[in-house]
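Colleague: Just structure_33.tsv, nothing more (TSV, C-alpha atoms and all ligand atoms):
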```tsv
chain	number	residue	atom	x	y	z
A	68	MET	CA	19.27	-12.80	22.34
A	69	ARG	CA	17.84	-9.57	21.05
A	70	SER	CA	16.60	-11.02	17.79
A	71	SER	CA	14.84	-13.98	19.43
A	72	TYR	CA	13.04	-11.50	21.70
A	73	THR	CA	11.96	-9.48	18.65
A	74	MET	CA	10.79	-12.62	16.88
A	75	ALA	CA	8.63	-13.61	19.83
A	76	PHE	CA	6.67	-10.38	19.44
A	77	PHE	CA	6.58	-9.94	15.69
A	78	ARG	CA	6.85	-12.64	13.09
A	79	PRO	CA	9.34	-11.49	10.46
A	80	PHE	CA	7.83	-9.30	7.75
A	81	ALA	CA	8.20	-11.86	4.94
A	82	LEU	CA	7.95	-9.42	2.03
A	83	GLU	CA	10.39	-6.94	3.56
A	84	ARG	CA	12.91	-9.72	4.31
A	85	TYR	CA	12.58	-11.02	0.73
A	86	PHE	CA	13.04	-7.51	-0.69
A	87	ALA	CA	16.01	-6.93	1.62
A	88	GLU	CA	17.79	-9.82	-0.10
A	89	PHE	CA	17.36	-8.50	-3.64
A	90	GLU	CA	15.87	-4.99	-3.95
A	91	PHE	CA	19.16	-3.14	-4.16
A	92	SER	CA	21.03	-5.68	-6.28
A	93	ALA	CA	18.49	-7.03	-8.78
A	94	ARG	CA	18.69	-5.38	-12.18
A	95	TYR	CA	14.97	-5.36	-12.98
A	96	LEU	CA	12.46	-4.70	-10.21
A	97	LEU	CA	9.32	-6.25	-11.67
A	98	SER	CA	7.40	-6.36	-8.42
A	99	SER	CA	7.72	-2.92	-6.82
A	100	SER	CA	4.55	-1.28	-5.57
A	101	ASP	CA	5.86	2.30	-5.60
A	102	CYS	CA	5.69	4.20	-8.87
A	103	GLU	CA	8.71	5.70	-10.64
A	104	THR	CA	10.27	8.38	-8.47
A	105	VAL	CA	11.63	11.86	-9.23
A	106	SER	CA	14.70	13.74	-8.05
A	107	THR	CA	14.54	16.39	-5.32
A	108	ARG	CA	15.36	18.95	-8.02
A	109	GLU	CA	12.46	17.82	-10.22
A	110	LEU	CA	10.03	17.94	-7.32
A	111	LEU	CA	11.13	21.41	-6.23
A	112	ALA	CA	10.88	22.66	-9.81
A	113	LEU	CA	7.13	21.99	-9.71
A	114	GLU	CA	6.55	25.07	-7.54
A	115	PRO	CA	8.07	28.55	-8.03
A	116	GLY	CA	10.24	29.49	-5.05
A	117	ALA	CA	10.20	25.98	-3.56
A	118	GLU	CA	13.92	25.37	-4.04
A	119	GLU	CA	14.90	28.52	-2.16
A	120	GLY	CA	12.42	27.69	0.62
A	121	TYR	CA	13.86	24.21	0.91
A	122	LEU	CA	17.47	25.42	1.13
A	123	SER	CA	16.53	27.99	3.79
A	124	LEU	CA	14.68	25.46	5.95
A	125	ARG	CA	15.82	25.37	9.59
A	126	LEU	CA	16.54	21.82	10.73
A	127	GLY	CA	15.02	21.81	14.20
A	128	TYR	CA	12.34	19.52	15.60
A	129	THR	CA	8.94	19.76	13.93
A	130	GLU	CA	5.41	19.57	15.37
A	131	THR	CA	4.35	16.06	16.42
A	132	ARG	CA	1.10	16.21	14.46
A	133	GLY	CA	2.93	17.45	11.38
A	134	ASP	CA	3.68	20.87	9.92
A	135	PRO	CA	0.40	22.88	10.01
A	136	ARG	CA	0.81	24.03	6.41
A	137	LEU	CA	1.36	20.45	5.26
A	138	ARG	CA	-1.70	19.29	7.22
A	139	ALA	CA	-3.75	22.02	5.57
A	140	ASP	CA	-2.53	20.89	2.13
A	141	LEU	CA	-3.35	17.27	2.95
A	142	ALA	CA	-6.77	18.13	4.39
A	143	ARG	CA	-7.71	19.58	0.99
A	144	LEU	CA	-7.51	16.06	-0.44
A	145	TYR	CA	-10.66	15.18	1.55
A	146	SER	CA	-14.13	16.68	1.69
A	147	ARG	CA	-14.89	16.60	5.43
A	148	ILE	CA	-11.45	16.71	7.00
A	149	ASP	CA	-9.81	19.76	8.55
A	150	PRO	CA	-6.07	20.14	9.24
A	151	ASP	CA	-6.52	19.06	12.87
A	152	SER	CA	-7.95	15.76	11.64
A	153	ILE	CA	-4.66	14.84	9.95
A	154	LEU	CA	-1.72	13.20	11.69
A	155	VAL	CA	1.54	12.98	9.73
A	156	HIS	CA	3.78	9.93	10.09
A	157	ALA	CA	7.02	8.44	8.80
A	158	GLY	CA	5.39	6.56	5.92
A	159	ALA	CA	2.21	4.54	6.02
A	160	GLU	CA	4.09	1.92	8.00
A	161	GLU	CA	4.54	4.07	11.11
A	162	ALA	CA	0.92	5.16	10.89
A	163	ILE	CA	-0.30	1.52	10.93
A	164	PHE	CA	1.96	0.74	13.86
A	165	ASP	CA	1.04	3.79	15.93
A	166	PHE	CA	-2.68	3.37	15.22
A	167	CYS	CA	-2.65	-0.28	16.29
A	168	LEU	CA	-0.74	0.45	19.49
A	169	ALA	CA	-3.04	3.33	20.35
A	170	PHE	CA	-6.35	1.72	19.49
A	171	LEU	CA	-6.14	-2.04	20.01
A	172	SER	CA	-5.97	-4.09	23.19
A	173	PRO	CA	-5.35	-7.80	23.79
A	174	GLY	CA	-8.52	-9.79	23.11
A	175	ASP	CA	-10.04	-7.28	20.68
A	176	HIS	CA	-11.59	-8.84	17.61
A	177	VAL	CA	-10.32	-7.44	14.32
A	178	ILE	CA	-11.03	-8.40	10.72
A	179	VAL	CA	-8.33	-8.00	8.09
A	180	ASN	CA	-8.24	-8.54	4.32
A	181	PHE	CA	-6.40	-11.71	3.30
A	182	PRO	CA	-3.94	-11.69	1.64
A	183	CYS	CA	-2.70	-8.34	2.91
A	184	TYR	CA	0.26	-6.07	3.51
A	185	GLN	CA	1.61	-7.98	6.49
A	186	SER	CA	1.59	-5.14	9.05
A	187	LEU	CA	-2.19	-4.90	8.85
A	188	SER	CA	-2.63	-8.37	10.33
A	189	GLU	CA	0.67	-8.97	12.11
A	190	ILE	CA	0.67	-5.95	14.41
A	191	PRO	CA	-2.86	-6.67	15.72
A	192	ARG	CA	-1.89	-10.36	16.14
A	193	ALA	CA	1.27	-9.45	18.05
A	194	LEU	CA	-0.77	-7.18	20.31
A	195	GLY	CA	-2.94	-10.15	21.31
A	196	CYS	CA	-6.00	-9.40	19.19
A	197	ALA	CA	-8.18	-12.14	17.72
A	198	VAL	CA	-7.55	-11.62	14.00
A	199	ASP	CA	-10.04	-13.01	11.49
A	200	PRO	CA	-8.89	-13.07	7.86
A	201	TRP	CA	-11.39	-11.65	5.37
A	202	PRO	CA	-10.43	-13.37	2.09
A	203	LEU	CA	-10.50	-11.59	-1.24
A	204	VAL	CA	-12.30	-13.76	-3.78
A	205	GLU	CA	-11.58	-14.16	-7.48
A	206	THR	CA	-14.90	-14.22	-9.30
A	207	PRO	CA	-15.96	-14.23	-12.94
A	208	GLY	CA	-16.45	-10.62	-13.98
A	209	PRO	CA	-18.83	-9.09	-16.49
A	210	GLY	CA	-17.79	-9.76	-20.11
A	211	GLY	CA	-15.87	-12.96	-19.40
A	212	GLY	CA	-12.78	-11.66	-17.54
A	213	GLY	CA	-12.29	-12.34	-13.84
A	214	ARG	CA	-12.45	-9.91	-10.97
A	215	TRP	CA	-10.94	-9.87	-7.50
A	216	ALA	CA	-13.73	-8.92	-5.11
A	217	PHE	CA	-14.29	-7.83	-1.53
A	218	ASP	CA	-16.79	-10.40	-0.23
A	219	VAL	CA	-19.39	-8.27	1.53
A	220	ASP	CA	-21.43	-11.29	2.69
A	221	ALA	CA	-18.34	-12.82	4.25
A	222	LEU	CA	-17.69	-9.57	6.13
A	223	ALA	CA	-21.27	-9.63	7.44
A	224	ARG	CA	-20.67	-13.15	8.79
A	225	LEU	CA	-17.33	-12.20	10.41
A	226	LEU	CA	-18.53	-9.04	12.18
A	227	GLY	CA	-19.68	-9.47	15.76
A	228	PRO	CA	-20.38	-7.43	18.89
A	229	LYS	CA	-16.71	-7.67	19.90
A	230	THR	CA	-15.32	-6.45	16.56
A	231	LYS	CA	-13.24	-3.38	17.27
A	232	ALA	CA	-11.92	-2.69	13.77
A	233	VAL	CA	-12.05	-3.82	10.18
A	234	PHE	CA	-8.81	-3.33	8.26
A	235	MET	CA	-9.33	-3.05	4.54
A	236	ASN	CA	-6.99	-1.98	1.75
A	237	ALA	CA	-8.32	-0.76	-1.58
A	238	PRO	CA	-7.02	-0.61	-4.24
A	239	HIS	CA	-5.70	-3.82	-2.78
A	240	ASN	CA	-2.15	-5.09	-2.36
A	241	PRO	CA	-1.47	-7.54	-4.02
A	242	THR	CA	-4.59	-8.27	-6.13
A	243	GLY	CA	-5.47	-4.75	-7.33
A	244	ALA	CA	-9.07	-5.31	-6.19
A	245	LEU	CA	-11.27	-2.26	-5.91
A	246	PRO	CA	-14.81	-2.48	-4.49
A	247	THR	CA	-17.62	-0.92	-6.45
A	248	ARG	CA	-19.29	2.08	-4.84
A	249	GLU	CA	-22.21	-0.17	-3.83
A	250	GLU	CA	-19.86	-2.69	-2.22
A	251	PHE	CA	-17.99	0.07	-0.39
A	252	ASP	CA	-21.23	1.59	0.90
A	253	ALA	CA	-22.31	-1.86	2.10
A	254	ILE	CA	-18.97	-2.33	3.91
A	255	VAL	CA	-19.38	1.05	5.65
A	256	ALA	CA	-22.98	0.23	6.57
A	257	LEU	CA	-21.93	-3.11	8.08
A	258	CYS	CA	-19.16	-1.46	10.14
A	259	ARG	CA	-21.58	1.21	11.32
A	260	THR	CA	-24.18	-1.33	12.45
A	261	ALA	CA	-21.51	-3.36	14.25
A	262	GLY	CA	-19.96	-0.26	15.85
A	263	ALA	CA	-16.56	-1.13	14.34
A	264	VAL	CA	-13.95	1.36	13.22
A	265	LEU	CA	-13.04	1.03	9.54
A	266	PHE	CA	-9.29	1.39	9.11
A	267	SER	CA	-8.99	1.99	5.40
A	268	ASP	CA	-5.54	1.66	3.86
A	269	GLU	CA	-5.84	3.88	0.81
A	270	VAL	CA	-2.18	4.05	-0.17
A	271	TYR	CA	-3.00	3.12	-3.80
A	272	ARG	CA	-5.79	5.69	-4.07
A	273	TYR	CA	-5.66	7.81	-7.24
A	274	LEU	CA	-4.37	4.80	-9.20
A	275	GLU	CA	-7.82	3.40	-10.10
A	276	ARG	CA	-7.85	2.15	-13.71
A	277	ASP	CA	-11.07	4.11	-14.20
A	278	PRO	CA	-10.84	7.36	-12.19
A	279	GLY	CA	-14.65	7.40	-12.19
A	280	ARG	CA	-14.49	4.43	-9.83
A	281	ARG	CA	-12.46	6.29	-7.19
A	282	LEU	CA	-14.11	5.61	-3.83
A	283	PRO	CA	-14.71	8.26	-1.21
A	284	ALA	CA	-12.07	8.18	1.50
A	285	ALA	CA	-13.34	6.25	4.52
A	286	CYS	CA	-12.84	9.32	6.72
A	287	ASP	CA	-15.29	11.24	4.51
A	288	ALA	CA	-17.79	8.41	4.17
A	289	TYR	CA	-17.94	7.18	7.76
A	290	GLU	CA	-17.77	8.97	11.12
A	291	ASP	CA	-15.71	6.05	12.50
A	292	GLY	CA	-13.55	5.75	9.41
A	293	VAL	CA	-9.78	6.19	9.59
A	294	SER	CA	-8.07	6.75	6.23
A	295	LEU	CA	-4.41	6.01	5.63
A	296	ASN	CA	-2.45	7.46	2.74
A	297	VAL	CA	1.16	8.07	1.80
A	298	LEU	CA	3.21	9.77	-0.90
A	299	SER	CA	5.16	6.57	-1.65
A	300	LYS	CA	2.91	4.95	-4.21
A	301	SER	CA	0.84	7.20	-6.51
A	302	ALA	CA	3.26	10.15	-6.14
A	303	GLY	CA	6.39	7.97	-6.40
A	304	LEU	CA	8.03	9.54	-3.33
A	305	ALA	CA	8.70	6.50	-1.11
A	306	GLY	CA	12.02	7.89	0.12
A	307	LEU	CA	10.30	10.86	1.74
A	308	ARG	CA	8.65	8.45	4.21
A	309	MET	CA	5.61	10.71	4.41
A	310	GLY	CA	2.29	9.12	5.33
A	311	TRP	CA	-0.72	10.30	7.27
A	312	LEU	CA	-3.93	9.33	9.02
A	313	ALA	CA	-7.12	11.28	8.39
A	314	THR	CA	-10.14	10.85	10.63
A	315	GLY	CA	-12.85	12.85	12.30
A	316	ARG	CA	-12.32	10.75	15.44
A	317	ALA	CA	-10.25	13.27	17.44
A	318	ASP	CA	-10.04	10.83	20.38
A	319	ILE	CA	-8.29	8.28	18.18
A	320	LEU	CA	-5.81	10.82	16.80
A	321	ASP	CA	-5.04	12.05	20.33
A	322	ALA	CA	-4.23	8.49	21.39
A	323	VAL	CA	-2.08	7.94	18.29
A	324	VAL	CA	-0.14	11.14	19.03
A	325	SER	CA	0.79	9.66	22.43
A	326	VAL	CA	2.26	6.64	20.68
A	327	LYS	CA	4.09	8.77	18.11
A	328	ASP	CA	5.83	10.51	21.03
A	329	TYR	CA	7.54	7.19	21.73
A	330	VAL	CA	8.29	6.25	18.13
A	331	THR	CA	9.50	9.19	16.03
A	332	ILE	CA	8.36	12.19	18.17
A	333	CYS	CA	7.98	14.21	15.02
A	334	SER	CA	8.54	13.76	11.32
A	335	SER	CA	11.56	14.81	9.26
A	336	GLY	CA	11.46	18.54	8.49
A	337	PRO	CA	12.96	18.28	4.98
A	338	SER	CA	10.53	15.50	4.14
A	339	GLU	CA	7.59	17.53	5.42
A	340	TYR	CA	8.65	20.46	3.29
A	341	LEU	CA	8.98	18.32	0.16
A	342	ALA	CA	5.70	16.56	1.02
A	343	GLY	CA	3.97	19.95	1.06
A	344	VAL	CA	5.17	20.66	-2.48
A	345	ALA	CA	4.01	17.16	-3.52
A	346	ALA	CA	0.59	17.58	-1.87
A	347	ARG	CA	0.04	20.87	-3.71
A	348	ARG	CA	1.23	19.31	-6.98
A	349	LEU	CA	-0.34	15.90	-6.48
A	350	GLU	CA	-2.30	16.00	-9.71
A	351	GLU	CA	0.87	16.39	-11.75
A	352	LEU	CA	2.72	13.67	-9.84
A	353	VAL	CA	-0.19	11.25	-10.00
A	354	GLY	CA	-0.76	12.05	-13.67
A	355	ARG	CA	2.83	11.11	-14.38
A	356	SER	CA	2.47	7.80	-12.52
A	357	ARG	CA	-0.82	7.03	-14.26
A	358	ALA	CA	0.74	7.63	-17.69
A	359	ILE	CA	3.59	5.21	-16.89
A	360	ILE	CA	1.08	2.61	-15.65
A	361	ASP	CA	-1.15	2.97	-18.72
A	362	ALA	CA	1.79	2.39	-21.05
A	363	ASN	CA	3.07	-0.52	-18.94
A	364	LEU	CA	-0.30	-2.28	-18.77
A	365	GLY	CA	-0.27	-2.60	-22.56
A	366	LEU	CA	3.14	-4.29	-22.35
A	367	VAL	CA	1.99	-6.64	-19.59
A	368	GLU	CA	-1.14	-7.64	-21.52
A	369	GLY	CA	1.01	-8.37	-24.58
A	370	PHE	CA	3.34	-10.48	-22.45
A	371	PHE	CA	0.51	-12.59	-20.98
A	372	ALA	CA	-1.02	-13.01	-24.44
A	373	ARG	CA	2.31	-14.37	-25.75
A	374	ARG	CA	3.08	-16.59	-22.75
A	375	PRO	CA	-0.16	-18.21	-21.50
A	376	ASP	CA	2.00	-21.26	-20.76
A	377	PHE	CA	3.81	-19.16	-18.10
A	378	ALA	CA	1.10	-17.26	-16.21
A	379	SER	CA	-2.18	-15.40	-16.47
A	380	TRP	CA	-3.76	-12.68	-14.41
A	381	THR	CA	-7.00	-11.10	-13.37
A	382	VAL	CA	-6.59	-7.50	-14.49
A	383	PRO	CA	-6.13	-5.25	-11.43
A	384	GLU	CA	-8.86	-2.61	-11.11
A	385	GLY	CA	-6.54	-0.22	-9.31
A	386	GLY	CA	-3.06	0.29	-7.92
A	387	SER	CA	0.38	-0.42	-9.31
A	388	ILE	CA	0.54	-4.18	-8.72
A	389	GLY	CA	-1.26	-7.33	-9.80
A	390	TYR	CA	-1.25	-10.93	-8.69
A	391	PRO	CA	-0.75	-13.40	-11.57
A	392	LEU	CA	-1.10	-17.17	-11.33
A	393	LEU	CA	1.63	-19.43	-12.69
A	394	ALA	CA	0.46	-22.07	-15.14
A	395	GLY	CA	0.37	-25.69	-14.02
A	396	GLY	CA	0.56	-24.99	-10.28
A	397	ALA	CA	4.28	-24.10	-10.44
A	398	ASP	CA	6.01	-22.96	-7.24
A	399	ALA	CA	6.41	-19.17	-7.43
A	400	GLU	CA	9.09	-18.91	-4.76
A	401	ALA	CA	11.38	-21.47	-6.41
A	402	LEU	CA	10.84	-19.75	-9.75
A	403	SER	CA	11.39	-16.25	-8.35
A	404	ARG	CA	14.64	-17.24	-6.67
A	405	ARG	CA	15.98	-18.82	-9.88
A	406	LEU	CA	14.80	-15.87	-11.96
A	407	VAL	CA	16.52	-13.25	-9.85
A	408	ALA	CA	19.74	-15.28	-9.65
A	409	GLU	CA	19.89	-16.12	-13.36
A	410	ALA	CA	18.30	-13.08	-15.03
A	411	GLY	CA	18.32	-10.35	-12.38
A	412	VAL	CA	14.51	-10.02	-12.54
A	413	LEU	CA	12.78	-9.62	-9.19
A	414	LEU	CA	9.24	-10.95	-8.60
A	415	VAL	CA	7.56	-11.39	-5.20
A	416	PRO	CA	6.15	-14.89	-4.62
A	417	GLY	CA	2.73	-15.42	-2.99
A	418	SER	CA	4.54	-17.21	-0.13
A	419	CYS	CA	5.59	-13.72	1.06
A	420	TYR	CA	1.87	-13.19	1.80
A	421	SER	CA	1.46	-16.69	3.36
A	422	HIS	CA	-0.91	-17.16	0.44
A	423	ASP	CA	-1.17	-19.09	-2.83
A	424	ARG	CA	2.30	-20.51	-3.60
A	425	SER	CA	1.61	-20.41	-7.34
A	426	ARG	CA	1.03	-16.69	-7.45
A	427	PHE	CA	3.46	-13.84	-7.65
A	428	ARG	CA	3.20	-10.06	-7.43
A	429	LEU	CA	3.92	-8.02	-10.52
A	430	GLY	CA	4.55	-4.27	-10.22
A	431	PHE	CA	3.94	-2.01	-13.21
A	432	GLY	CA	4.64	1.50	-11.96
A	433	ARG	CA	8.29	1.72	-13.00
A	434	LYS	CA	9.58	3.14	-16.28
A	435	ASN	CA	11.85	0.21	-17.14
A	436	LEU	CA	9.10	-2.42	-16.95
A	437	GLY	CA	9.55	-3.17	-20.67
A	438	GLU	CA	13.22	-4.08	-20.11
A	439	GLY	CA	12.32	-6.30	-17.16
A	440	LEU	CA	9.63	-8.10	-19.14
A	441	ALA	CA	12.03	-8.58	-22.05
A	442	ALA	CA	14.62	-10.09	-19.68
A	443	LEU	CA	11.93	-12.37	-18.24
A	444	GLU	CA	10.87	-13.47	-21.71
A	445	THR	CA	14.44	-14.18	-22.80
A	446	TRP	CA	14.92	-16.27	-19.66
A	447	LEU	CA	11.70	-18.18	-20.29
A	448	GLU	CA	12.77	-18.91	-23.85
A	449	LYS	CA	16.12	-20.29	-22.68
A	450	ASP	CA	14.41	-22.22	-19.91
A	451	SER	CA	12.05	-24.02	-22.28
A	452	ARG	CA	14.81	-25.14	-24.65
A	501	LIG	C1	-1.14	-1.68	1.47
A	501	LIG	C2	0.09	-1.01	1.99
A	501	LIG	N1	0.02	-0.32	3.13
A	501	LIG	C3	1.08	0.31	3.65
A	501	LIG	C4	2.30	0.26	3.02
A	501	LIG	C5	3.49	0.96	3.62
A	501	LIG	O1	3.81	2.07	2.87
A	501	LIG	P1	5.18	2.87	3.14
A	501	LIG	O2	6.27	1.96	2.72
A	501	LIG	O3	5.11	4.03	2.28
A	501	LIG	O4	5.25	3.18	4.58
A	501	LIG	C6	2.44	-0.45	1.83
A	501	LIG	C7	3.74	-0.55	1.15
A	501	LIG	O5	3.97	-1.37	0.29
A	501	LIG	C8	1.30	-1.10	1.29
A	501	LIG	O6	1.35	-1.79	0.15
```
Is it possible to express this structure as structure tokens?
Modeller:
Amino acid sequence: MRSSYTMAFFRPFALERYFAEFEFSARYLLSSSDCETVSTRELLALEPGAEEGYLSLRLGYTETRGDPRLRADLARLYSRIDPDSILVHAGAEEAIFDFCLAFLSPGDHVIVNFPCYQSLSEIPRALGCAVDPWPLVETPGPGGGGRWAFDVDALARLLGPKTKAVFMNAPHNPTGALPTREEFDAIVALCRTAGAVLFSDEVYRYLERDPGRRLPAACDAYEDGVSLNVLSKSAGLAGLRMGWLATGRADILDAVVSVKDYVTICSSGPSEYLAGVAARRLEELVGRSRAIIDANLGLVEGFFARRPDFASWTVPEGGSIGYPLLAGGADAEALSRRLVAEAGVLLVPGSCYSHDRSRFRLGFGRKNLGEGLAALETWLEKDSR
């Protein structure tokens, strides 16, 4: 009974259900979006005195908006945001949920990147919004290679007087697309003219291939911009479940706080403490993730060069994941299920995004990527005999 009621409200989160089957049993996770993690000890060692502070922490309730010191540390990551303009959540996931419940009403028009992290479209849909997909497009890039792009003209056509919010995610899951500064400015200008809030999922920020192409956070660039970030991806701290919203729109944050009261009330104290250390040491943590990614990208390029008969990809411009295309229109879900059963290598098929069935997601933020690719290659060799 209970599960059919849940299903009527939310469609199952396809990617989470797929991961639930394999994430903790597969030997090689070749599709994870979070970068290699660290131990609690390693994190605490980044800051003198942090270990003692952590062990002395009292385990009472915390402030609903988040520990003031943590909010001050997070606010420093932005140029126009003060600590009161930050709202801490249990991961990015809770922040998306609470924001949607607080801000959207049935009948609202919203525009969402497609494909996308399913919450960004599914929660508005379940709330009764009219959800228009805003497709990412694969275009020829300068110098011959391709490029996944945010189609600014398409956004202009989709926006209307009833558009309440545009949900974008850049660097993008799963394509790795990253708008140019000109494209981003045009997106902000379009939202401003339409009077739409820009909900900008920036959870892969800091993982741009070229750091010079890092975009301003939406909350700094646009008075109606709401930025979402988390320590799961670039800092490799997914188990902390520490995400946050940043926006100058105090009215929106006030409404989101009212929802948080009914969801988690407040965040986990130990996680907030550790998140504070991470926020103050973000450069080191991100630098570590970027070094792993740089080394891994060389391995991935070598793999695609050796096996063009298997798949090819448009090089992601940011983030820790890419979205290759299987050769010959092969079915990625059938392949992924065989691959994980026979070789213990986990990929995520495009069907998890209700998108192209010949694509799969490849994650390159983990240290053992080389081993996973080697296992995949061995399996492919056996398979073609
Ligand atoms: C684009 C995007 N947004 C939000 C999330 C949720 O992040 P978290 O699991 O840290 O809550 C993810 C996780 O994969 C994501 O890829």
Colleague: Can you tell me which residues sit at most 10 Å away from ligand LIG 501 (chain A), counting all atoms listed in the file, written as a PDB file with C-alpha atoms, in the frame of the given file?
Modeller:
```
ATOM      1  CA  LEU A  82       7.950  -9.420   2.030  1.00  0.00           C
ATOM      2  CA  GLU A  83      10.390  -6.940   3.560  1.00  0.00           C
ATOM      3  CA  SER A  99       7.720  -2.920  -6.820  1.00  0.00           C
ATOM      4  CA  SER A 100       4.550  -1.280  -5.570  1.00  0.00           C
ATOM      5  CA  ASP A 101       5.860   2.300  -5.600  1.00  0.00           C
ATOM      6  CA  HIS A 156       3.780   9.930  10.090  1.00  0.00           C
ATOM      7  CA  ALA A 157       7.020   8.440   8.800  1.00  0.00           C
ATOM      8  CA  GLY A 158       5.390   6.560   5.920  1.00  0.00           C
ATOM      9  CA  ALA A 159       2.210   4.540   6.020  1.00  0.00           C
ATOM     10  CA  GLU A 160       4.090   1.920   8.000  1.00  0.00           C
ATOM     11  CA  GLU A 161       4.540   4.070  11.110  1.00  0.00           C
ATOM     12  CA  ALA A 162       0.920   5.160  10.890  1.00  0.00           C
ATOM     13  CA  ILE A 163      -0.300   1.520  10.930  1.00  0.00           C
ATOM     14  CA  CYS A 183      -2.700  -8.340   2.910  1.00  0.00           C
ATOM     15  CA  TYR A 184       0.260  -6.070   3.510  1.00  0.00           C
ATOM     16  CA  GLN A 185       1.610  -7.980   6.490  1.00  0.00           C
ATOM     17  CA  SER A 186       1.590  -5.140   9.050  1.00  0.00           C
ATOM     18  CA  LEU A 187      -2.190  -4.900   8.850  1.00  0.00           C
ATOM     19  CA  MET A 235      -9.330  -3.050   4.540  1.00  0.00           C
ATOM     20  CA  ASN A 236      -6.990  -1.980   1.750  1.00  0.00           C
ATOM     21  CA  ALA A 237      -8.320  -0.760  -1.580  1.00  0.00           C
ATOM     22  CA  PRO A 238      -7.020  -0.610  -4.240  1.00  0.00           C
ATOM     23  CA  HIS A 239      -5.700  -3.820  -2.780  1.00  0.00           C
ATOM     24  CA  ASN A 240      -2.150  -5.090  -2.360  1.00  0.00           C
ATOM     25  CA  PRO A 241      -1.470  -7.540  -4.020  1.00  0.00           C
ATOM     26  CA  SER A 267      -8.990   1.990   5.400  1.00  0.00           C
ATOM     27  CA  ASP A 268      -5.540   1.660   3.860  1.00  0.00           C
ATOM     28  CA  GLU A 269      -5.840   3.880   0.810  1.00  0.00           C
ATOM     29  CA  VAL A 270      -2.180   4.050  -0.170  1.00  0.00           C
ATOM     30  CA  TYR A 271      -3.000   3.120  -3.800  1.00  0.00           C
ATOM     31  CA  LEU A 295      -4.410   6.010   5.630  1.00  0.00           C
ATOM     32  CA  ASN A 296      -2.450   7.460   2.740  1.00  0.00           C
ATOM     33  CA  VAL A 297       1.160   8.070   1.800  1.00  0.00           C
ATOM     34  CA  LEU A 298       3.210   9.770  -0.900  1.00  0.00           C
ATOM     35  CA  SER A 299       5.160   6.570  -1.650  1.00  0.00           C
ATOM     36  CA  LYS A 300       2.910   4.950  -4.210  1.00  0.00           C
ATOM     37  CA  GLY A 303       6.390   7.970  -6.400  1.00  0.00           C
ATOM     38  CA  LEU A 304       8.030   9.540  -3.330  1.00  0.00           C
ATOM     39  CA  ALA A 305       8.700   6.500  -1.110  1.00  0.00           C
ATOM     40  CA  GLY A 306      12.020   7.890   0.120  1.00  0.00           C
ATOM     41  CA  LEU A 307      10.300  10.860   1.740  1.00  0.00           C
ATOM     42  CA  ARG A 308       8.650   8.450   4.210  1.00  0.00           C
ATOM     43  CA  MET A 309       5.610  10.710   4.410  1.00  0.00           C
ATOM     44  CA  GLY A 310       2.290   9.120   5.330  1.00  0.00           C
ATOM     45  CA  TRP A 311      -0.720  10.300   7.270  1.00  0.00           C
ATOM     46  CA  GLY A 386      -3.060   0.290  -7.920  1.00  0.00           C
ATOM     47  CA  SER A 387       0.380  -0.420  -9.310  1.00  0.00           C
ATOM     48  CA  ILE A 388       0.540  -4.180  -8.720  1.00  0.00           C
TER      49      ILE A 388
END
```
Colleague: Using Å and a single decimal, report how far atom CA of Pro191 of chain A sits from atom CA of Asp149 of chain A.
Modeller: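 A separation of 28.3 Å between them.
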Colleague: Of the residues A:Pro200, A:Gly354, A:Pro383, A:Pro228, which is the one nearest to Trp215 of chain A, using all atoms listed in the file?
Modeller: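 For Trp215 of chain A, the nearest of the candidates is A:Pro383.
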Colleague: Tell me, as a VMD selection string, which residues lie within 9 Å of Arg347 of chain A, counting all atoms listed in the file; anything in the same chain fewer than 5 positions away does not count.
Modeller: chain A and resid 114 140 to 141 342
Colleague: With distances taken over only C-alpha atoms, which residue among A:Ser335, A:Ser379, A:Thr445, A:Ser123 lies nearest Glu409 of chain A?
Modeller: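 Once distances to Glu409 of chain A are computed over only C-alpha atoms, the minimum belongs to A:Thr445.
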